[in-house]
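Notes for the one structure printed next.
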Amino acid sequence: LSAMLHDSFVLNLADMTWQSEGAPQLPFDVCNNVCDGIESVPYHKVFSFGGKKGMMQYMNTVEVMDCGSQVWSTPPVESGQPPCGREDTAWVYDTKTSSLLIFGGWASRWLGDLIKLNVSAIIGPPYACISISPQSGPVFGETEMTIKGLRFKPGKVQIRFGNTEKNQVVVDAEYVDSETIKCRTANYELYGAMPVAVKVSINGEGWTVNQQTYSYFANTAARNCMAFGPGVLANVVFGVEIPFIIQARDTINERRTSGGDKFSVEVVSEDNKVQGIARIEDLQDGRYDVRYSVPQPGSYLVHVSYAELGGTAALAIRGSPFRVEAADPWSRHRVLGAVPAKRKGATLSVLDGELVLYGGDKSGVTVCMPGSGEWRWTSVTPSGTAPDDRLLHSMTNVDGQLVVFGGNSLGNGSELADMYQLKKVSANNWAWSCPKSHTPYVRLTAPAGQEPNSTPQPVSGRSSHAAVALDQELLVYGGENKSGILSELCIGDAADGVQVVNWREPVLHGDVPQPRKGAAAACCQGRIVMLGGTGVNAEEQPVVLDELVMLDIEGANELLCTINPSNASGPRPAPRTGAVMLEYMEGQLLLYGGMGVDGKPLNDAFTLDVETLTWQRVYNGSADLVGPQGALAALLDGKLVLLDSAAGSLKLDSICSLDLMCLTNSYNFATKMKTDSVTLLEGLESWVDKQSHSMDAAQNLEKLSGNFDSLLKVMDSLYQVRVKKADMDLLVEQLRETLHVLAADKVATGKLEKRVDDVAHKWDEVKKLQPQVKSSVEPIQASQAGRIRKEVEAFTTRVAQYKTAFHSRPLYKYTTGCANAYPLLDTAAGEMAKLKKECTQYAELASIFELTDAMGPVTAAIKELFEELIAVKDVWDCISMCETQFQTWRRTLWTEINTSDMEEGAKQFVKDVKSLPKKVRDEEVFKGLDNMVKNFLVSVPLVADLRSPAMRDRHWQQLMEATKVTFDIHDPTFKLDDLLALELHKFEEKVGEIVDRAQKEEKMENGLNKLEDSWAKVTFQFQKHKDTEVYTVKMAEEDFEMLEDNQVLVQGMMANRYMNTFRDQVLGWNKKLMAVADVVAILTEIQRTWAYLESLFVASEEVKKELPEATVRFARIDADVKSVLADFKQVQNCVACCNKDGLLKFLEKQQTELEVCSGALFLFLRRLEDLVLAQSV
């Protein structure tokens, strides 16, 4: 034997090659050992036994290699007598018993023994655990666990928790599939918190060998958990996320080192009307990162709670709720100069460090120059040809100039498709320029259901579109015009000085965005980002969108569109339209505002990392903080600038700015707490020192008994320690936890930690001293307490007397008037402030000397006094506001009155009055206010009625007669006040009657005027009679229908009770129309008969011979009829023709004469017929 080896080789059966590199090595040299591989899950095991490592040195150890880890190990033999060392032995694996059977071998002699080695603990059953989730949980158990593994099978599944037989607990589990088992963790309270092995057994086949470790921890206790950091300090700001950390602690007050606890954080205003937004991130180490934001300034309560295992309700952690005061982080600037008017559809842009407002009205361009103390507006008149006034356009910064495109014309309401450039030429000079022409372009795509048109078409006019700068070009998408919402996407030249805008449609690959208007869009790092807007759904109804549309620039004229990319993450912005998207910083865009699905403004801001598509909410403000249409937004020097109107203002006179990134960074945990932890520690040290020094004074009881001030200091210290003990204990722990976190962030905290330990020790000494001091001063305290109680009782009596007398003051009389009421209110406020100050002093003494029960009645009385003072002041404020507004309205000239605004304002005043406190509603001052507002509200509709165009001088005369007041409504200085002096509310019914009469008379007057106009244009139709110069008369069918309708109309006027005003006109028209109807009817009959008889009496010689008398009669009639017809032909107007004096009687006579002629002709024709019949016989 020359050498022994411990190397290994692997034969790759796929290509039959040996590999030695990386093969596992035995821990020692050996030869003549037996080695074999045995199937196990998840990896096979290789066993080695026996052999010799030197001359006559036989081995009896068992070595095992896991083929997964490829590491050799020597497992311990738990029971039985190991065999003697040997070599050249034989063995075999028995799968039924999971045992190795070893037979014989050489150990300086041949052996014949048979030895059994149970390796089930190494081989395990034919299944294995791969992972468990979660990997830790409370010692109470009942945590749902998922076990992942291989080759699981149905059957009785059991899970064992424990490390030894003494601390093992077995629970039943549920088979899910071949790779999944579920169970609830065992209750391990009997053995305590520790890491334990988790093993699986199915149908009693043995426990898995590749164990997983589950860490039991002591149950989290809400009473021991704490929160610390910026978010639980006294002062925060609204709008941005404020962080703090929750440190979970268990029942023995130890830090938890794993996650999984379900904490709840709720942030609400103290009046419970405003809700904040909170999110919690489990750091998986016992800490929880909490971030919350509140939407507006005010006092808030941060509730942090934890539902303990087995509990029915969430419990507050230490110190919860935390009271915080949220301040306004915005810088609000003083605005001067030519402040622009409030308007809709304008744009706010930035150029050369100045705000540029354009559109929405006809004021042109207004520029605001920021300053350190004030921001000044200036109305500028740029040189060059100015664009048409417009709204809902786009204004985009393209290569240092502002490019205006499209919009809705304020002149004729048309959608525009023009382009103008605005640039700053010098300090005070601006200039407009515009291209001379725009080239049409071929549409590559068409709306759904239509084919693309190969004929070049001009770029479409539109409003509410999205526009994005692409180097020196402008990309325009969507918008709206008369044809509906557009999907048109085009790119045009927008460089400075461009004369011809060449438009083109880029080739779009990928998704196809739906038509929309009001989308927010911007370009960053070669990616065009578009969000939201308004589209239409399948029912053709408008819908506000939340789609994120990515347009990646892939070539000179190619875009790849992706809608709602799957890799987008972070808090997704709510659906919105009309938002602003701007490039914020390198690789990031800022989205602000817009209108939500409810039509209300959104006052929030998000950043988007264009590369990773990660959203982050950087501001979340209340919609109530901006106007109903939202605020105009821009980015100026990295700050978000909002332009809006102050409450009730008609000007854009509110400008505020906020550096979002700087503000967010200032509330970073480490940044904020590096300074604030020092401040908190200094405050704690000062407070503890003060209490310690005050208690030291208790050592001289004789001095205390004779010096009330010294006693007061000691008693105050006892009180402070008593009521603030829990707060100070918590503050010490919060400081320790804060420094622990800062130290992990590489912040030097060693000196601060030493100071915290020192102040904590001193505070402990103060707490120990407190009961001793209290006991020693109790006799002195008792003697002073009696005196203080008597003083409190006397003060209570004095306050009660004051309260009784307060209600009899002139403040409660409406006749006092605002001018006198406010000095009285100031006097009462001063008196009550003194009472409150005195009450506070007594309350402090009562708290210190433990007499809190004595302060209840007087505290409540003073509270009621202030409530009553505030209530009556609210009434006088309302009176003042109403009187001021009413006086303004009263001074309005009669010709300028806007009754709609007045009525709306008066109704709001009525609501304001109703919202006043109930406790003053029985007071005279309230009743006077209520009557004033209601009377004005009653008068406003009457004023609106009296402004009716139907009112004539006769009606104003009737009003003067009713009110017994004379006035001149045509006086150019006549004001609303002159009319309200009539006390119209007292004559509501009479005014209504007068206005009703005026309106009905106006209707009648209009009807009569219409009759006059209509019939002045109605003429007869004339037709030439045979070949003569005579024209027959006919009334057009539509004119005849109008005649019938107008007769009915006039009959209705005659039935109207207000007819007397137009009696003559109505009766006149009734007569005229009746004459027209009668004349037309009889003339029609006359013409028919006349035309028939003419052919006989004029053309037939036989008739003339046989009927000479009738012929003479007809000749006379013929002349008269032709005379009438000739007259009609000359006059033509129906009414004029038919209403000539005596015409109807004349026509009736002609009709009678024609009947005579007709009768004579009839008899003649009858005789002639009889003669013919006789001859035929």
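Every chain in the structure tokens takes a letter, A first, then B, and so on in the order presented; its residues are numbered from 1, and the ligands are numbered from 1 following the presented order.
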### Message
Can you tell me which residues surround Val335 (chain A) at a distance of at most 7 Å, considering only C-alpha atoms, apart from same-chain residues fewer than 3 positions away, and format the answer as a list in words?
### Response
Glu374, Trp375, Arg376 and Asp653 of chain A
Report as a compact mmCIF listing (two decimals) with C-alpha atoms, in the first residue's frame: the residues of region 509-669 of chain A with a DSSP assignment of strand (DSSP E or B), based on the backbone of this structure.
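Heads up, here's the output in part22.txt:
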# COMPACT_ATOMS: atom_id res chain seq x y z
CA HIS A 509 -46.99 50.83 -33.40
CA GLY A 510 -48.36 48.81 -30.51
CA LYS A 517 -59.64 65.48 -24.57
CA ALA A 520 -52.00 65.65 -19.43
CA ALA A 521 -48.82 65.01 -21.41
CA ALA A 522 -45.08 65.68 -21.35
CA CYS A 523 -41.86 64.33 -22.87
CA CYS A 524 -38.83 63.13 -20.92
CA ARG A 527 -40.57 59.02 -23.91
CA ILE A 528 -43.87 60.82 -24.27
CA VAL A 529 -46.10 60.25 -21.25
CA MET A 530 -49.83 60.92 -21.32
CA LEU A 531 -52.33 60.39 -18.53
CA THR A 534 -62.07 62.49 -21.01
CA GLY A 535 -63.22 59.86 -23.50
CA VAL A 536 -66.50 58.13 -24.26
CA PRO A 542 -68.31 60.84 -21.37
CA VAL A 543 -65.99 59.05 -18.97
CA VAL A 544 -62.92 60.35 -17.11
CA LEU A 548 -51.19 55.81 -18.55
CA VAL A 549 -50.14 56.01 -22.20
CA MET A 550 -46.44 55.65 -23.04
CA LEU A 551 -45.24 56.75 -26.49
CA ASP A 552 -41.62 55.71 -27.03
CA ILE A 553 -39.82 57.54 -29.85
CA GLU A 554 -38.31 54.79 -32.01
CA GLY A 555 -37.33 56.71 -35.12
CA GLU A 558 -42.22 56.25 -35.43
CA LEU A 559 -43.78 55.83 -32.00
CA LEU A 560 -44.36 52.69 -29.95
CA CYS A 561 -47.51 53.00 -27.84
CA THR A 562 -48.07 51.07 -24.61
CA ILE A 563 -51.24 51.61 -22.58
CA SER A 569 -45.78 50.69 -9.84
CA THR A 577 -59.01 65.39 -16.85
CA VAL A 580 -50.91 69.48 -15.72
CA MET A 581 -47.84 67.33 -16.46
CA LEU A 582 -44.40 68.96 -16.43
CA GLU A 583 -40.77 67.86 -16.49
CA TYR A 584 -39.76 68.04 -12.83
CA MET A 585 -36.14 66.97 -12.79
CA GLN A 588 -38.95 62.58 -13.58
CA LEU A 589 -42.28 64.16 -14.46
CA LEU A 590 -44.66 65.98 -12.13
CA LEU A 591 -48.43 65.54 -12.43
CA TYR A 592 -50.71 68.03 -10.66
CA MET A 595 -60.88 67.45 -12.36
CA PRO A 601 -61.00 69.57 -8.52
CA ASN A 603 -55.46 69.04 -5.34
CA ASP A 604 -52.71 66.43 -5.44
CA ALA A 605 -49.35 65.87 -7.10
CA PHE A 606 -47.40 62.81 -8.22
CA THR A 607 -43.95 62.25 -9.64
CA LEU A 608 -43.25 59.57 -12.25
CA ASP A 609 -39.83 58.05 -12.79
CA THR A 614 -42.68 54.34 -10.56
CA TRP A 615 -45.32 56.72 -9.23
CA GLN A 616 -44.85 58.58 -5.97
CA ARG A 617 -47.46 60.77 -4.34
CA VAL A 618 -45.61 63.92 -3.29
CA TYR A 619 -48.57 66.09 -2.31
CA ASN A 620 -52.12 65.41 -1.23
CA GLY A 621 -54.21 68.46 -0.41
CA LEU A 632 -53.54 76.83 -12.54
CA ALA A 633 -50.15 75.22 -11.98
CA ALA A 634 -46.59 75.71 -13.21
CA LEU A 635 -43.03 74.84 -12.17
CA LEU A 636 -40.80 77.78 -11.36
CA LYS A 639 -41.11 74.84 -7.08
CA LEU A 640 -44.74 74.06 -7.75
CA VAL A 641 -46.61 77.36 -8.20
CA LEU A 642 -50.41 77.55 -7.95
CA LEU A 643 -52.47 80.46 -9.26
CA ASP A 644 -56.01 80.77 -7.91
CA LYS A 651 -59.34 88.12 -9.48
CA SER A 654 -53.72 84.09 -4.84
CA ILE A 655 -50.22 82.78 -5.65
CA CYS A 656 -48.48 80.18 -3.54
CA SER A 657 -45.38 78.08 -4.09
CA LEU A 658 -43.94 74.93 -2.58
### Task
Just list the residues in region 113-360 of chain A DSSP gives alpha helix (DSSP H) on the backbone, as a list in words.
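Secondary structure check on region 113-360 of chain A, alpha helix (DSSP H): Ser120, Ala121, Ile122 and Ile123 of chain A.
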### From A:Trp432, A:Trp763, A:Tyr667, A:Tyr358, residue lying nearest Leu684 (chain A) [only C-alpha atoms]
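Ranking A:Trp432, A:Trp763, A:Tyr667, A:Tyr358 by distance to Leu684 (chain A), first place goes to A:Trp763.
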### Point-to-point distance in Å for CA of Gly286 (chain A) and CA of Leu742 (chain A)
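We find that CA of Leu742 (chain A) and CA of Gly286 (chain A) lie 16.1 Å from each other.
Once Asp94 (chain A) and its same-chain neighbours fewer than 6 positions away are set aside, Ile38, Glu39, Leu100, Leu101, Ile102, Lys116, Leu117, Asn118, Val119, Ser120 and Ile123 of chain A remain within 12 Å of it when counting only C-alpha atoms.
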Would you write out those residues with N, CA, C and O atoms, as a PDB file, in the first residue's frame?
ATOM      1  N   ILE A  38     -28.043   6.453  -2.022  1.00  0.00           N
ATOM      2  CA  ILE A  38     -29.408   6.057  -1.661  1.00  0.00           C
ATOM      3  C   ILE A  38     -30.353   7.200  -2.011  1.00  0.00           C
ATOM      4  O   ILE A  38     -30.069   8.376  -1.726  1.00  0.00           O
ATOM      5  N   GLU A  39     -31.487   6.864  -2.636  1.00  0.00           N
ATOM      6  CA  GLU A  39     -32.463   7.879  -3.053  1.00  0.00           C
ATOM      7  C   GLU A  39     -33.087   8.561  -1.832  1.00  0.00           C
ATOM      8  O   GLU A  39     -33.512   7.895  -0.886  1.00  0.00           O
ATOM      9  N   LEU A 100     -29.462   0.338   6.652  1.00  0.00           N
ATOM     10  CA  LEU A 100     -28.307  -0.254   5.994  1.00  0.00           C
ATOM     11  C   LEU A 100     -27.938  -1.544   6.714  1.00  0.00           C
ATOM     12  O   LEU A 100     -27.763  -1.549   7.943  1.00  0.00           O
ATOM     13  N   LEU A 101     -27.832  -2.649   5.969  1.00  0.00           N
ATOM     14  CA  LEU A 101     -27.451  -3.953   6.546  1.00  0.00           C
ATOM     15  C   LEU A 101     -25.999  -4.200   6.203  1.00  0.00           C
ATOM     16  O   LEU A 101     -25.625  -4.303   5.011  1.00  0.00           O
ATOM     17  N   ILE A 102     -25.152  -4.313   7.224  1.00  0.00           N
ATOM     18  CA  ILE A 102     -23.703  -4.480   7.045  1.00  0.00           C
ATOM     19  C   ILE A 102     -23.328  -5.906   7.426  1.00  0.00           C
ATOM     20  O   ILE A 102     -23.664  -6.388   8.517  1.00  0.00           O
ATOM     21  N   LYS A 116     -27.352  -3.900  11.652  1.00  0.00           N
ATOM     22  CA  LYS A 116     -28.403  -3.059  11.034  1.00  0.00           C
ATOM     23  C   LYS A 116     -28.261  -1.625  11.557  1.00  0.00           C
ATOM     24  O   LYS A 116     -28.235  -1.404  12.761  1.00  0.00           O
ATOM     25  N   LEU A 117     -28.204  -0.677  10.611  1.00  0.00           N
ATOM     26  CA  LEU A 117     -28.107   0.750  10.954  1.00  0.00           C
ATOM     27  C   LEU A 117     -29.317   1.470  10.368  1.00  0.00           C
ATOM     28  O   LEU A 117     -29.461   1.572   9.143  1.00  0.00           O
ATOM     29  N   ASN A 118     -30.216   1.970  11.262  1.00  0.00           N
ATOM     30  CA  ASN A 118     -31.417   2.693  10.814  1.00  0.00           C
ATOM     31  C   ASN A 118     -31.012   4.127  10.418  1.00  0.00           C
ATOM     32  O   ASN A 118     -30.570   4.911  11.252  1.00  0.00           O
ATOM     33  N   VAL A 119     -31.181   4.440   9.111  1.00  0.00           N
ATOM     34  CA  VAL A 119     -30.800   5.773   8.598  1.00  0.00           C
ATOM     35  C   VAL A 119     -32.032   6.561   8.165  1.00  0.00           C
ATOM     36  O   VAL A 119     -31.934   7.497   7.353  1.00  0.00           O
ATOM     37  N   SER A 120     -33.201   6.183   8.689  1.00  0.00           N
ATOM     38  CA  SER A 120     -34.433   6.903   8.293  1.00  0.00           C
ATOM     39  C   SER A 120     -34.365   8.383   8.649  1.00  0.00           C
ATOM     40  O   SER A 120     -34.940   9.237   7.966  1.00  0.00           O
ATOM     41  N   ILE A 123     -32.268   9.632   5.584  1.00  0.00           N
ATOM     42  CA  ILE A 123     -32.908   9.464   4.280  1.00  0.00           C
ATOM     43  C   ILE A 123     -34.278  10.121   4.262  1.00  0.00           C
ATOM     44  O   ILE A 123     -34.652  10.823   3.324  1.00  0.00           O
TER      45      ILE A 123
END
### Task
Return the single residue from A:Lys148, A:Arg1166, A:Arg86, A:Lys1017 that is closest to Pro42 (chain A), with distances computed using only C-alpha atoms.
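The answer is A:Lys148, which sits nearest to Pro42 (chain A).
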### Test item: residues at most 12 Å from Asn32 (chain A), only C-alpha atoms, excluding those fewer than 2 positions along its chain, as a list in words
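My reading of the contact set: Leu1, Met4, Leu5, His6, Asp29, Val30, Val34, Cys35, Ser48, Phe49, Gly50, Gly51, Lys52, Lys53, Gly54, Gln57, Tyr58, Met59, Gly85, Arg86, Glu87, Asp88, Thr89, Ala90, Gly105, Trp106 and Ala107 of chain A.
For the choices A:Leu1073, A:Ala346, A:Val41, A:Val236, the atom-to-atom distance to Ser463 (chain A) is smallest for A:Ala346 when using only C-alpha atoms.
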### Residue contacts of Lys600 (chain A) (9 Å, only C-alpha atoms) excluding same-chain residues fewer than 6 positions away, as a PyMOL selection string
chain A and resi 594+623+628-630
### Task
Write out as a list in words the residues lying within 12 Å of Tyr719 (chain A), counting only C-alpha atoms and excluding same-chain residues fewer than 6 positions away.
Gln691, Ser694, Met695, Leu712, Lys713, Lys725, Lys767, Gln770, Pro771, Val773, Lys774, Glu844, Leu845, Ala846, Ser847, Ile848, Phe849, Glu850 and Leu851 of chain A
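Taking CA of Glu354 (chain A) and CA of Leu602 (chain A) as endpoints, the distance between them is 25.2 Å.
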### Task
Grab the CA of Ala431 (chain A) to CA of Leu650 (chain A) distance for me, in Å with one decimal place.
28.6 Å
### Query
Any idea what's packed within 12 Å of Ala861 (chain A), counting only C-alpha atoms, ignoring anything in its chain fewer than 6 positions away? Could you give it as a list of chain:residue names?
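Here the qualifying residues turn out to be A:Phe795, A:Thr796, A:Thr797, A:Arg798, A:Val799, A:Ala800, A:Gln801, A:Tyr802, A:Lys803, A:Thr804, A:Met832, A:Leu835, A:Lys836, A:Cys839, A:Met855, A:Glu867, A:Glu868.
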Only C-alpha atoms, please: the residues just picked out, written as a PDB file, in the first residue's frame.
ATOM      1  CA  PHE A 795     -65.576  83.069  42.320  1.00  0.00           C
ATOM      2  CA  THR A 796     -68.283  80.640  41.164  1.00  0.00           C
ATOM      3  CA  THR A 797     -70.982  82.880  42.690  1.00  0.00           C
ATOM      4  CA  ARG A 798     -69.538  85.958  40.999  1.00  0.00           C
ATOM      5  CA  VAL A 799     -69.501  84.240  37.574  1.00  0.00           C
ATOM      6  CA  ALA A 800     -73.123  83.107  37.996  1.00  0.00           C
ATOM      7  CA  GLN A 801     -74.214  86.694  38.729  1.00  0.00           C
ATOM      8  CA  TYR A 802     -72.308  87.970  35.704  1.00  0.00           C
ATOM      9  CA  LYS A 803     -73.939  85.358  33.493  1.00  0.00           C
ATOM     10  CA  THR A 804     -77.421  86.353  34.618  1.00  0.00           C
ATOM     11  CA  MET A 832     -64.782  87.282  29.935  1.00  0.00           C
ATOM     12  CA  LEU A 835     -62.795  85.786  34.111  1.00  0.00           C
ATOM     13  CA  LYS A 836     -61.247  82.968  32.095  1.00  0.00           C
ATOM     14  CA  CYS A 839     -60.576  80.651  36.238  1.00  0.00           C
ATOM     15  CA  MET A 855     -63.918  73.735  39.520  1.00  0.00           C
ATOM     16  CA  GLU A 867     -70.364  80.065  23.754  1.00  0.00           C
ATOM     17  CA  GLU A 868     -73.085  82.668  24.217  1.00  0.00           C
TER      18      GLU A 868
END
